[in-house]
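Visitor: Here it is, the structure, as structure tokens.
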Amino acid sequence: MNTQKYVVVDIETTGHSPAKGDRIIQLAMVTIENGVITDTYTKFIHPGRTIPLFIQDLTNITDEDVKDAKAFEFYAETVFEKMQDAIFVAHNTNFDLPFLQAELKRSGLPKWHGITMDTVELVRLMYPTAFSYKLQDITSELGIPLESAHRADDDAMATALLFLRAKNDLESLPYDTLAFLHKRSFQLKSDLSRLFFELTQKKRNAQADEFDRFQGVPLKPRKSFSSDPEQQSSLPRDWREGLETVFPNFEKRPSQYGMMASIEDALMHKKELVIEASTGMGKTIAYLLPAVNYALDTGRQVMISTYTTHLQDQLVLKEGRMVEQFIGAPVRISLIKGLSHYIDLGRFVELLHGDDESYDETFTIMQVLVWLTATETGDLNELNSSSGGQFVLDKIRRSHIRKLSKQEKKADFYEFALNQAKHAHVIVTNHAFLLNQHLSKKSILASVDAYIWDEAHQVVQAAVSQHEKTFVYTQWKYIFGQLGSFDDQQLFRALYDAANRTGFSTVPELLKLESLFLKFTTLFDEVSNLLADEFAAKFASSRHKKNASLLSELYLEDSRFLELLRYLNEWIDLSQLILQKAERLTEKTIQDQLTIADWRYWTEEMMVKAVEFSEIFVFPLTDEVSWIEGDMRSLPTSLSLYKRPFAVASLVDKVVADARQDKAVIWLSGTMTVPANERFIVNQIGIPQHVPILKFEPPKDFYQGAHVYIVEDMPDIQQVSQHEYIESVADAVIQTVIVTEGRCFVLFTSQDMLRKTVDLIQDTGLLDDYMLFAQGISSGSRMKLLKSFQRFQKSVLFGTNSFWEGVDVPGDALRAVVVVRLPFTSPDEPIFKARSEVITREGVNPFLQYALPEAVLRLRQGFGRLIRSKNDKGLFIVLDRRIETKSYGREFISALPKVKVSKVSLEKMVTDIEAWYNKQ
């Protein structure tokens with residue numbers, strides 16, 4: 001067989017299942033020989049049935065397009081002939097090949113047999129940091145042309161070009177990487193091992209690869225900041241002049257210049273300042289430019305902390321380079337994150353020499369190998385791995401527990417990032433890292449002279465997350481299963497066998513270790529069952545399957561928890577003693593090294609769990625809340641326990657207190673205030689009362705394309721049943737979607753209500769022509785759902801909490817945001833309940849001081865999804881009548897920008913929207 005001949009295939013079909021009668025409507029084949037495209041073949045095919053409307057929307061192939069086409073049988077022999085003596089390539093071979101095989105069989109031809117290569121598998125491996133591996137997304141990211149996605153001819157050509165690009169990039173990898181990949185490639189789902197073998201053989205005699213190495217693993221060389229004295233400083237440039245020469249589409253905005261002047265003043269005079277900078281006024285540049293100027297002028301560092309990874313990367317890669325171009329001199333901006341973001345190279349090398357992994361584990365190890373030849377940061381969060389692969393990534397994360405050797409420190413990414421930060425003008429980090437710096441033995445804050453907290457309203461959530469402790473029943477049981485006992489043939493048995501071979505531990509020690517483990521797990525099961533019984537009794541009469549309770553509301557016997565913790569700590573102490581003996585051995589087989597490394601990893605996991613366990617059950621603090629959640633249908637398996645602080649001012653103060661003495665501290669966000677309680681967020685963060693809040697608004701015409709509708713004839717949510725309200729919501733959503741032709745966000749506060757509304761809408765069949773994406777129902781992360789939503793002209797996205805903020809959909813891709821309920825937190829939510837109790841004891845109304853401002857803030861953030869530039873147009877539709885009927889409703893209205901607000905019936909709104917769009 002000529003391994004240099006490939007046939008790249010793409011098909012469009014009436015659906016997903018040939019077994020259920022779905023048929024091909026378009027077929028395209030691109031032949032590649034010796035790295036060159038030599039032939040293309042494209043045909044419309046009559047499916048013998050009508051094409052569903054959603055397929056017509058997806059592919060732009062209509063019944064009219066295929067009415068004169070012939071059936072597949074007419075082309076079958078030609079298709080079969082083109083596939084002979086070729087490697088079959090497709091973007092998801094598991095879809096295209098079964099369809100072709102079914103059509104070939106129906107046409108009376110034999111089943112095709114041959115080698116297959118799946119470009120989804122190939123590009124997931126070759127481009128492990130890509131956001132999405134859908135053909136449209138990955139080709140766009142790589143700059144490969146694809147004019148009409150979901151048309152077989154364009155898709156097949158794009159897949160062929162993608163295959164050639166990935167094959168060339170694969171060939172450029174270092175020989176050591178290729179050899180490691182080839183060794184593991186036999187576990188892949190398609191026949192990519194043939195490709196690895198071919199390229200490994202070709203590269204075997206090539207010149208030595210110019211890569212840094214760590215124990216045989218090639219690493220991309222990392223460039224340190226120059227120590228050239230001429231590049232250490234530069235005269236800052238006046239930001240008042242010349243911005244339009246560097247920044248694309250720059251407009252002179254008084255609010256942006258005012259913000260720059262305020263930040264410059266705060267930096268120079270060591271002030272603390274709060275800034276609310278609305279969308280559309282260039283907030284990032286407005287603080288980054290004065291920060292860089294200050295650092296260059298004084299030789300002191302500025303620390304910028306953000307919440308989202310996207311903004312951190314943008315600061316370093318995009319805005320940072322623009323500022324550097326504007327100033328005309330090198331600007332050293334470094335990025336550093338918490339220790340657990342970074343890869344532990346020593347641990348990865350140990351894994352690399354093992355075997356006997358699942359497909360997901362093998363594939364993730366292969367992804368990491370490729371990634372290490374390209375990454376400059378070593379941040380494992382760059383990787384787009386499967387959920388099954390996350391276990392591998394967790395095993396190779398850096399931790400405070402494992403100490404690095406001198407050799408490991410020289411190659412370590414975290415150590416490199418620390419060193420870069422020491423020599424940077426501006427350090428960019430995340431809130432979690434900065435909030436944890438008071439605990440760090442190697443603080444990088446010594447030379448920092450100013451702190452800028454962007455997305456400052458998220459400092460509250462970051463502080464809560466930093467101190468959150470969890471106890472998840474299934475996680476504990478999973479660890480128990482991994483460790484096992486002597487009879488389970490799991491890790492303990494492997495440790496026992498390794499100890500017998502090498503003599504690093506005695507039989508009595510190991511038997512005591514096993515005995516402690518069995519005592520702990522037995523008592524764990526007893527306590528879990530008691531906890532489940534208490535939980536079940538409390539909610540015996542509840543209508544809901546899933547419930548939550550403050551831990552203080554259940555009767556728990558402290559002595560059992562203390563006994564559990566004692567067994568656990570004794571087990572950890574003995575396990576660490578055994579590990580110390582094992583790691584002192586100078587001669588170990590690779591298998592013994594892996595066993596010891598795995599045992600060390602699980603011991604560390606148990607140490608973390610011991611801390612969580614003790615802080616939840618044994619040593620709870622007064623300013624923290626502990627609660628338990630569970631599903632009544634599966635106790636104790638579904639039990640999860642959490643502990644979080646409900647006040648974070650003291651946690652933030654530990655980091656900021658010293659800085660307030662003689663450094664500038666600037667807090668800024670797009671949503672820092674609510675009308676009736678301007679200091680709602682700043683009080684939570686613990687910012688002193690004397691610190692002013694400055695507000696900078698976008699241009700007057702920024703929101704001219706927005707319109708708020710309040711639907712007056714919706715039922716009162718507090719006066720009707722949930723089912724009746726959901727029926728009304730479904731009707732309103734359906735009518736809105738039809739009149740706007742999709743491109744809608746529908747925002748809920750409850751996953752249960754979201755699910756029931758989506759189910760009802762689907763049952764009606766009235767939106768069958770639209771693609772519906774629902775958080776918690778449709779598969780994929782928040783960002784994947786967002787990408788899918790943007791891909792289709794006629795689509796609707798149903799979301800809950802995380803879609804209220806931090807999601808950008810510019811332009812016409814988002815036409816309407818529908819708010820189903822005002823975003824109040826449920827009064828039964830544990831943290832809300834605990835904070836309300838504290839506020840009540842202080843003689844203050846918790847609704848007015850906590851629940852209302854929090855909901856108003858969230859509504860502001862929801863509105864912020866709609867208008868991202870002055871050219872955007874959009875509708876903000878509120879279905880919850882409480883915004884009109886309750887006295888507090890005006891708080892929500894006044895929190896929104898000054899836009900037109902219409903209180904109308906659903907019928908009138910639909911008519912108005914239709915007229916509005918006809919004017920566009």
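In the structure tokens, each chain is lettered A, B, ... as it comes, each chain's residues begin at 1, and ligands are numbered from 1 in order of appearance.
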Which neighbours of A:Phe486 fall inside 9 Å, counting only C-alpha atoms, when residues of the same chain fewer than 3 positions from it are skipped, and could you give them as a list in words?

Guide: Gln489, Gln490, Leu491, Phe492, Arg493, Ala494, Tyr496, Leu511 and Glu514 of chain A

Visitor: Set the distance at 10 Å and use only C-alpha atoms: which residues neighbour A:Thr377 once local chain neighbours fewer than 2 positions away are removed? I'd like the list as a PyMOL selection string.

Guide: chain A and resi 220+222+335-337+341-343+372+374-375+379-380+382+412-414+416-417

Visitor: A:Gln684: which residues within 12 Å, counting only C-alpha atoms, same-chain residues fewer than 2 positions away excluded, as an mmCIF file with all heavy atoms, in the first residue's frame?

Guide:
```cif
data_model
loop_
_atom_site.group_PDB
_atom_site.id
_atom_site.type_symbol
_atom_site.label_atom_id
_atom_site.label_comp_id
_atom_site.auth_asym_id
_atom_site.auth_seq_id
_atom_site.Cartn_x
_atom_site.Cartn_y
_atom_site.Cartn_z
ATOM 1 N N ALA A 456 -12.337 44.179 40.092
ATOM 2 C CA ALA A 456 -12.233 44.179 41.557
ATOM 3 C C ALA A 456 -13.465 43.614 42.245
ATOM 4 O O ALA A 456 -13.361 43.107 43.371
ATOM 5 C CB ALA A 456 -11.954 45.599 42.051
ATOM 6 N N HIS A 457 -14.622 43.675 41.588
ATOM 7 C CA HIS A 457 -15.818 43.116 42.245
ATOM 8 C C HIS A 457 -15.678 41.602 42.423
ATOM 9 O O HIS A 457 -16.368 41.006 43.252
ATOM 10 C CB HIS A 457 -17.078 43.434 41.430
ATOM 11 C CG HIS A 457 -17.154 42.742 40.111
ATOM 12 N ND1 HIS A 457 -16.426 43.141 39.001
ATOM 13 C CD2 HIS A 457 -17.869 41.658 39.705
ATOM 14 C CE1 HIS A 457 -16.694 42.343 37.989
ATOM 15 N NE2 HIS A 457 -17.563 41.432 38.388
ATOM 16 N N GLN A 458 -14.764 40.986 41.670
ATOM 17 C CA GLN A 458 -14.558 39.548 41.786
ATOM 18 C C GLN A 458 -13.574 39.175 42.894
ATOM 19 O O GLN A 458 -13.325 37.997 43.126
ATOM 20 C CB GLN A 458 -14.038 38.980 40.453
ATOM 21 C CG GLN A 458 -15.047 39.014 39.326
ATOM 22 C CD GLN A 458 -16.139 37.963 39.484
ATOM 23 O OE1 GLN A 458 -16.272 37.343 40.536
ATOM 24 N NE2 GLN A 458 -16.917 37.760 38.452
ATOM 25 N N VAL A 459 -13.013 40.167 43.580
ATOM 26 C CA VAL A 459 -12.104 39.868 44.698
ATOM 27 C C VAL A 459 -12.848 39.092 45.785
ATOM 28 O O VAL A 459 -12.291 38.203 46.432
ATOM 29 C CB VAL A 459 -11.497 41.168 45.272
ATOM 30 C CG1 VAL A 459 -10.782 40.910 46.592
ATOM 31 C CG2 VAL A 459 -10.528 41.781 44.259
ATOM 32 N N VAL A 460 -14.131 39.405 45.963
ATOM 33 C CA VAL A 460 -14.935 38.698 46.970
ATOM 34 C C VAL A 460 -14.986 37.209 46.643
ATOM 35 O O VAL A 460 -14.697 36.354 47.491
ATOM 36 C CB VAL A 460 -16.357 39.280 47.050
ATOM 37 C CG1 VAL A 460 -17.207 38.477 48.026
ATOM 38 C CG2 VAL A 460 -16.318 40.743 47.461
ATOM 39 N N GLN A 461 -15.351 36.885 45.395
ATOM 40 C CA GLN A 461 -15.448 35.486 44.993
ATOM 41 C C GLN A 461 -14.091 34.801 45.034
ATOM 42 O O GLN A 461 -13.977 33.637 45.430
ATOM 43 C CB GLN A 461 -16.048 35.393 43.577
ATOM 44 C CG GLN A 461 -16.203 33.973 43.051
ATOM 45 C CD GLN A 461 -17.073 33.103 43.941
ATOM 46 O OE1 GLN A 461 -18.088 33.560 44.445
ATOM 47 N NE2 GLN A 461 -16.671 31.869 44.161
ATOM 48 N N ALA A 463 -11.565 35.472 47.012
ATOM 49 C CA ALA A 463 -11.198 35.217 48.411
ATOM 50 C C ALA A 463 -11.988 34.047 48.974
ATOM 51 O O ALA A 463 -11.443 33.204 49.708
ATOM 52 C CB ALA A 463 -11.444 36.472 49.254
ATOM 53 N N VAL A 464 -13.269 33.973 48.618
ATOM 54 C CA VAL A 464 -14.098 32.852 49.071
ATOM 55 C C VAL A 464 -13.539 31.541 48.524
ATOM 56 O O VAL A 464 -13.378 30.551 49.256
ATOM 57 C CB VAL A 464 -15.561 33.051 48.616
ATOM 58 C CG1 VAL A 464 -16.350 31.760 48.780
ATOM 59 C CG2 VAL A 464 -16.216 34.170 49.413
ATOM 60 N N PRO A 645 -15.875 31.067 53.786
ATOM 61 C CA PRO A 645 -16.055 32.276 54.594
ATOM 62 C C PRO A 645 -17.222 33.079 54.036
ATOM 63 O O PRO A 645 -17.437 33.105 52.828
ATOM 64 C CB PRO A 645 -14.724 33.031 54.397
ATOM 65 C CG PRO A 645 -14.199 32.543 53.086
ATOM 66 C CD PRO A 645 -14.654 31.118 52.955
ATOM 67 N N PHE A 646 -18.026 33.700 54.897
ATOM 68 C CA PHE A 646 -19.096 34.549 54.384
ATOM 69 C C PHE A 646 -18.744 36.029 54.536
ATOM 70 O O PHE A 646 -19.514 36.911 54.170
ATOM 71 C CB PHE A 646 -20.451 34.246 55.037
ATOM 72 C CG PHE A 646 -20.471 34.289 56.524
ATOM 73 C CD1 PHE A 646 -20.496 35.487 57.201
ATOM 74 C CD2 PHE A 646 -20.496 33.112 57.258
ATOM 75 C CE1 PHE A 646 -20.535 35.526 58.580
ATOM 76 C CE2 PHE A 646 -20.538 33.139 58.641
ATOM 77 C CZ PHE A 646 -20.556 34.357 59.307
ATOM 78 N N ALA A 647 -17.571 36.315 55.071
ATOM 79 C CA ALA A 647 -17.047 37.685 55.116
ATOM 80 C C ALA A 647 -15.563 37.611 54.753
ATOM 81 O O ALA A 647 -14.832 36.785 55.296
ATOM 82 C CB ALA A 647 -17.225 38.280 56.509
ATOM 83 N N VAL A 648 -15.131 38.451 53.815
ATOM 84 C CA VAL A 648 -13.759 38.313 53.304
ATOM 85 C C VAL A 648 -12.896 39.537 53.579
ATOM 86 O O VAL A 648 -11.724 39.544 53.224
ATOM 87 C CB VAL A 648 -13.766 38.025 51.779
ATOM 88 C CG1 VAL A 648 -14.554 36.765 51.470
ATOM 89 C CG2 VAL A 648 -14.322 39.206 50.989
ATOM 90 N N ALA A 649 -13.445 40.570 54.195
ATOM 91 C CA ALA A 649 -12.671 41.797 54.398
ATOM 92 C C ALA A 649 -11.363 41.527 55.142
ATOM 93 O O ALA A 649 -10.305 42.064 54.788
ATOM 94 C CB ALA A 649 -13.515 42.830 55.152
ATOM 95 N N SER A 650 -11.424 40.684 56.166
ATOM 96 C CA SER A 650 -10.208 40.396 56.944
ATOM 97 C C SER A 650 -9.187 39.625 56.114
ATOM 98 O O SER A 650 -7.977 39.800 56.284
ATOM 99 C CB SER A 650 -10.569 39.601 58.203
ATOM 100 O OG SER A 650 -11.150 38.353 57.856
ATOM 101 N N LEU A 651 -9.669 38.768 55.201
ATOM 102 C CA LEU A 651 -8.765 38.005 54.351
ATOM 103 C C LEU A 651 -8.050 38.927 53.368
ATOM 104 O O LEU A 651 -6.850 38.780 53.117
ATOM 105 C CB LEU A 651 -9.548 36.933 53.582
ATOM 106 C CG LEU A 651 -10.361 35.940 54.419
ATOM 107 C CD1 LEU A 651 -11.150 35.007 53.522
ATOM 108 C CD2 LEU A 651 -9.427 35.134 55.325
ATOM 109 N N VAL A 652 -8.781 39.877 52.815
ATOM 110 C CA VAL A 652 -8.183 40.838 51.885
ATOM 111 C C VAL A 652 -7.219 41.754 52.639
ATOM 112 O O VAL A 652 -6.141 42.091 52.132
ATOM 113 C CB VAL A 652 -9.282 41.659 51.186
ATOM 114 C CG1 VAL A 652 -8.669 42.722 50.271
ATOM 115 C CG2 VAL A 652 -10.203 40.744 50.381
ATOM 116 N N ASP A 653 -7.598 42.128 53.845
ATOM 117 C CA ASP A 653 -6.773 43.062 54.624
ATOM 118 C C ASP A 653 -5.388 42.483 54.927
ATOM 119 O O ASP A 653 -4.409 43.227 55.023
ATOM 120 C CB ASP A 653 -7.486 43.413 55.933
ATOM 121 C CG ASP A 653 -6.820 44.562 56.660
ATOM 122 O OD1 ASP A 653 -6.741 45.658 56.078
ATOM 123 O OD2 ASP A 653 -6.355 44.358 57.805
ATOM 124 N N MET A 672 -18.915 48.436 40.091
ATOM 125 C CA MET A 672 -18.455 48.542 41.476
ATOM 126 C C MET A 672 -19.526 49.090 42.414
ATOM 127 O O MET A 672 -19.348 49.083 43.626
ATOM 128 C CB MET A 672 -17.218 49.447 41.556
ATOM 129 C CG MET A 672 -15.931 48.785 41.115
ATOM 130 S SD MET A 672 -15.432 47.382 42.133
ATOM 131 C CE MET A 672 -14.786 48.188 43.593
ATOM 132 N N THR A 673 -20.621 49.611 41.854
ATOM 133 C CA THR A 673 -21.631 50.240 42.707
ATOM 134 C C THR A 673 -23.040 49.830 42.301
ATOM 135 O O THR A 673 -23.267 49.343 41.196
ATOM 136 C CB THR A 673 -21.556 51.783 42.610
ATOM 137 O OG1 THR A 673 -21.945 52.189 41.291
ATOM 138 C CG2 THR A 673 -20.149 52.286 42.903
ATOM 139 N N ASN A 677 -26.834 51.680 47.268
ATOM 140 C CA ASN A 677 -25.787 51.279 48.208
ATOM 141 C C ASN A 677 -24.453 51.283 47.473
ATOM 142 O O ASN A 677 -23.937 50.250 47.086
ATOM 143 C CB ASN A 677 -26.093 49.890 48.774
ATOM 144 C CG ASN A 677 -25.149 49.490 49.887
ATOM 145 O OD1 ASN A 677 -24.151 50.165 50.142
ATOM 146 N ND2 ASN A 677 -25.458 48.395 50.561
ATOM 147 N N GLU A 678 -23.926 52.472 47.272
ATOM 148 C CA GLU A 678 -22.733 52.623 46.442
ATOM 149 C C GLU A 678 -21.539 51.866 46.986
ATOM 150 O O GLU A 678 -20.660 51.461 46.232
ATOM 151 C CB GLU A 678 -22.386 54.111 46.289
ATOM 152 C CG GLU A 678 -23.319 54.860 45.362
ATOM 153 C CD GLU A 678 -22.590 55.925 44.565
ATOM 154 O OE1 GLU A 678 -21.601 56.456 45.096
ATOM 155 O OE2 GLU A 678 -23.014 56.208 43.423
ATOM 156 N N ARG A 679 -21.488 51.641 48.262
ATOM 157 C CA ARG A 679 -20.314 51.010 48.859
ATOM 158 C C ARG A 679 -20.573 49.531 49.168
ATOM 159 O O ARG A 679 -19.887 48.937 49.997
ATOM 160 C CB ARG A 679 -19.880 51.777 50.115
ATOM 161 C CG ARG A 679 -19.598 53.252 49.857
ATOM 162 C CD ARG A 679 -18.856 53.904 50.991
ATOM 163 N NE ARG A 679 -17.462 53.500 51.058
ATOM 164 C CZ ARG A 679 -16.468 54.073 50.368
ATOM 165 N NH1 ARG A 679 -16.714 55.059 49.526
ATOM 166 N NH2 ARG A 679 -15.232 53.650 50.507
ATOM 167 N N PHE A 680 -21.560 48.939 48.492
ATOM 168 C CA PHE A 680 -21.909 47.540 48.735
ATOM 169 C C PHE A 680 -20.709 46.617 48.516
ATOM 170 O O PHE A 680 -20.380 45.788 49.366
ATOM 171 C CB PHE A 680 -23.070 47.131 47.817
ATOM 172 C CG PHE A 680 -23.439 45.665 47.915
ATOM 173 C CD1 PHE A 680 -23.960 45.139 49.082
ATOM 174 C CD2 PHE A 680 -23.259 44.815 46.828
ATOM 175 C CE1 PHE A 680 -24.314 43.796 49.170
ATOM 176 C CE2 PHE A 680 -23.598 43.467 46.910
ATOM 177 C CZ PHE A 680 -24.130 42.960 48.078
ATOM 178 N N ILE A 681 -20.028 46.771 47.407
ATOM 179 C CA ILE A 681 -18.880 45.901 47.109
ATOM 180 C C ILE A 681 -17.647 46.338 47.894
ATOM 181 O O ILE A 681 -16.942 45.497 48.479
ATOM 182 C CB ILE A 681 -18.575 45.896 45.603
ATOM 183 C CG1 ILE A 681 -19.705 45.204 44.841
ATOM 184 C CG2 ILE A 681 -17.259 45.180 45.316
ATOM 185 C CD1 ILE A 681 -19.529 45.203 43.352
ATOM 186 N N VAL A 682 -17.370 47.643 47.925
ATOM 187 C CA VAL A 682 -16.141 48.095 48.596
ATOM 188 C C VAL A 682 -16.176 47.771 50.078
ATOM 189 O O VAL A 682 -15.135 47.504 50.691
ATOM 190 C CB VAL A 682 -15.880 49.599 48.349
ATOM 191 C CG1 VAL A 682 -15.702 49.886 46.876
ATOM 192 C CG2 VAL A 682 -16.984 50.455 48.928
ATOM 193 N N GLY A 686 -13.567 45.468 52.207
ATOM 194 C CA GLY A 686 -12.906 46.066 53.363
ATOM 195 C C GLY A 686 -12.167 47.347 53.036
ATOM 196 O O GLY A 686 -11.230 47.733 53.737
ATOM 197 N N ILE A 687 -12.584 48.045 51.988
ATOM 198 C CA ILE A 687 -11.947 49.312 51.620
ATOM 199 C C ILE A 687 -12.440 50.396 52.573
ATOM 200 O O ILE A 687 -13.649 50.542 52.792
ATOM 201 C CB ILE A 687 -12.282 49.675 50.160
ATOM 202 C CG1 ILE A 687 -11.745 48.587 49.220
ATOM 203 C CG2 ILE A 687 -11.712 51.036 49.784
ATOM 204 C CD1 ILE A 687 -12.178 48.727 47.785
ATOM 205 N N PRO A 688 -11.536 51.170 53.164
ATOM 206 C CA PRO A 688 -11.939 52.179 54.163
ATOM 207 C C PRO A 688 -12.949 53.188 53.607
ATOM 208 O O PRO A 688 -12.980 53.470 52.410
ATOM 209 C CB PRO A 688 -10.611 52.863 54.515
ATOM 210 C CG PRO A 688 -9.563 51.848 54.203
ATOM 211 C CD PRO A 688 -10.077 51.083 53.021
ATOM 212 N N GLN A 689 -13.762 53.736 54.513
ATOM 213 C CA GLN A 689 -14.834 54.648 54.116
ATOM 214 C C GLN A 689 -14.314 55.918 53.454
ATOM 215 O O GLN A 689 -14.997 56.522 52.623
ATOM 216 C CB GLN A 689 -15.675 55.024 55.354
ATOM 217 C CG GLN A 689 -16.511 53.886 55.916
ATOM 218 C CD GLN A 689 -17.608 53.448 54.959
ATOM 219 O OE1 GLN A 689 -18.274 54.269 54.355
ATOM 220 N NE2 GLN A 689 -17.776 52.136 54.828
ATOM 221 N N ARG A 835 -25.025 34.750 56.179
ATOM 222 C CA ARG A 835 -24.763 36.190 56.192
ATOM 223 C C ARG A 835 -25.987 36.967 56.673
ATOM 224 O O ARG A 835 -25.858 37.959 57.388
ATOM 225 C CB ARG A 835 -24.361 36.664 54.792
ATOM 226 C CG ARG A 835 -22.974 36.189 54.367
ATOM 227 C CD ARG A 835 -22.494 36.911 53.141
ATOM 228 N NE ARG A 835 -22.284 38.325 53.411
ATOM 229 C CZ ARG A 835 -21.881 39.205 52.506
ATOM 230 N NH1 ARG A 835 -21.671 38.793 51.258
ATOM 231 N NH2 ARG A 835 -21.696 40.467 52.800
ATOM 232 N N GLN A 849 -29.886 45.417 52.707
ATOM 233 C CA GLN A 849 -28.444 45.626 52.779
ATOM 234 C C GLN A 849 -27.625 44.560 52.042
ATOM 235 O O GLN A 849 -26.447 44.767 51.776
ATOM 236 C CB GLN A 849 -28.003 45.652 54.247
ATOM 237 C CG GLN A 849 -28.539 46.844 55.007
ATOM 238 C CD GLN A 849 -28.058 48.168 54.430
ATOM 239 O OE1 GLN A 849 -26.880 48.341 54.137
ATOM 240 N NE2 GLN A 849 -28.977 49.107 54.244
ATOM 241 N N TYR A 850 -28.247 43.454 51.700
ATOM 242 C CA TYR A 850 -27.476 42.357 51.097
ATOM 243 C C TYR A 850 -28.163 41.774 49.863
ATOM 244 O O TYR A 850 -27.627 41.830 48.751
ATOM 245 C CB TYR A 850 -27.237 41.273 52.159
ATOM 246 C CG TYR A 850 -26.520 40.042 51.674
ATOM 247 C CD1 TYR A 850 -25.498 40.119 50.726
ATOM 248 C CD2 TYR A 850 -26.850 38.782 52.165
ATOM 249 C CE1 TYR A 850 -24.839 38.977 50.278
ATOM 250 C CE2 TYR A 850 -26.192 37.644 51.737
ATOM 251 C CZ TYR A 850 -25.199 37.749 50.790
ATOM 252 O OH TYR A 850 -24.550 36.620 50.353
ATOM 253 N N PRO A 853 -29.039 44.702 46.855
ATOM 254 C CA PRO A 853 -27.902 45.215 46.083
ATOM 255 C C PRO A 853 -27.170 44.125 45.289
ATOM 256 O O PRO A 853 -26.689 44.373 44.181
ATOM 257 C CB PRO A 853 -26.992 45.848 47.143
ATOM 258 C CG PRO A 853 -27.487 45.374 48.456
ATOM 259 C CD PRO A 853 -28.924 45.049 48.291
ATOM 260 N N GLU A 854 -27.109 42.916 45.840
ATOM 261 C CA GLU A 854 -26.465 41.820 45.114
ATOM 262 C C GLU A 854 -27.238 41.509 43.827
ATOM 263 O O GLU A 854 -26.637 41.299 42.761
ATOM 264 C CB GLU A 854 -26.390 40.578 46.001
ATOM 265 C CG GLU A 854 -25.635 39.420 45.362
ATOM 266 C CD GLU A 854 -25.590 38.205 46.278
ATOM 267 O OE1 GLU A 854 -26.651 37.601 46.531
ATOM 268 O OE2 GLU A 854 -24.485 37.865 46.745
#
```

Visitor: For A:Thr13, please output as an NGL selection string all residues within 12 Å (counting only C-alpha atoms; exclusion window: fewer than 2 positions along the same chain).

Guide: :A and (10-11 or 15-18 or 21-27 or 44-52 or 54-56 or 58-62 or 66 or 72 or 95-96 or 99-100 or 103 or 150-152)
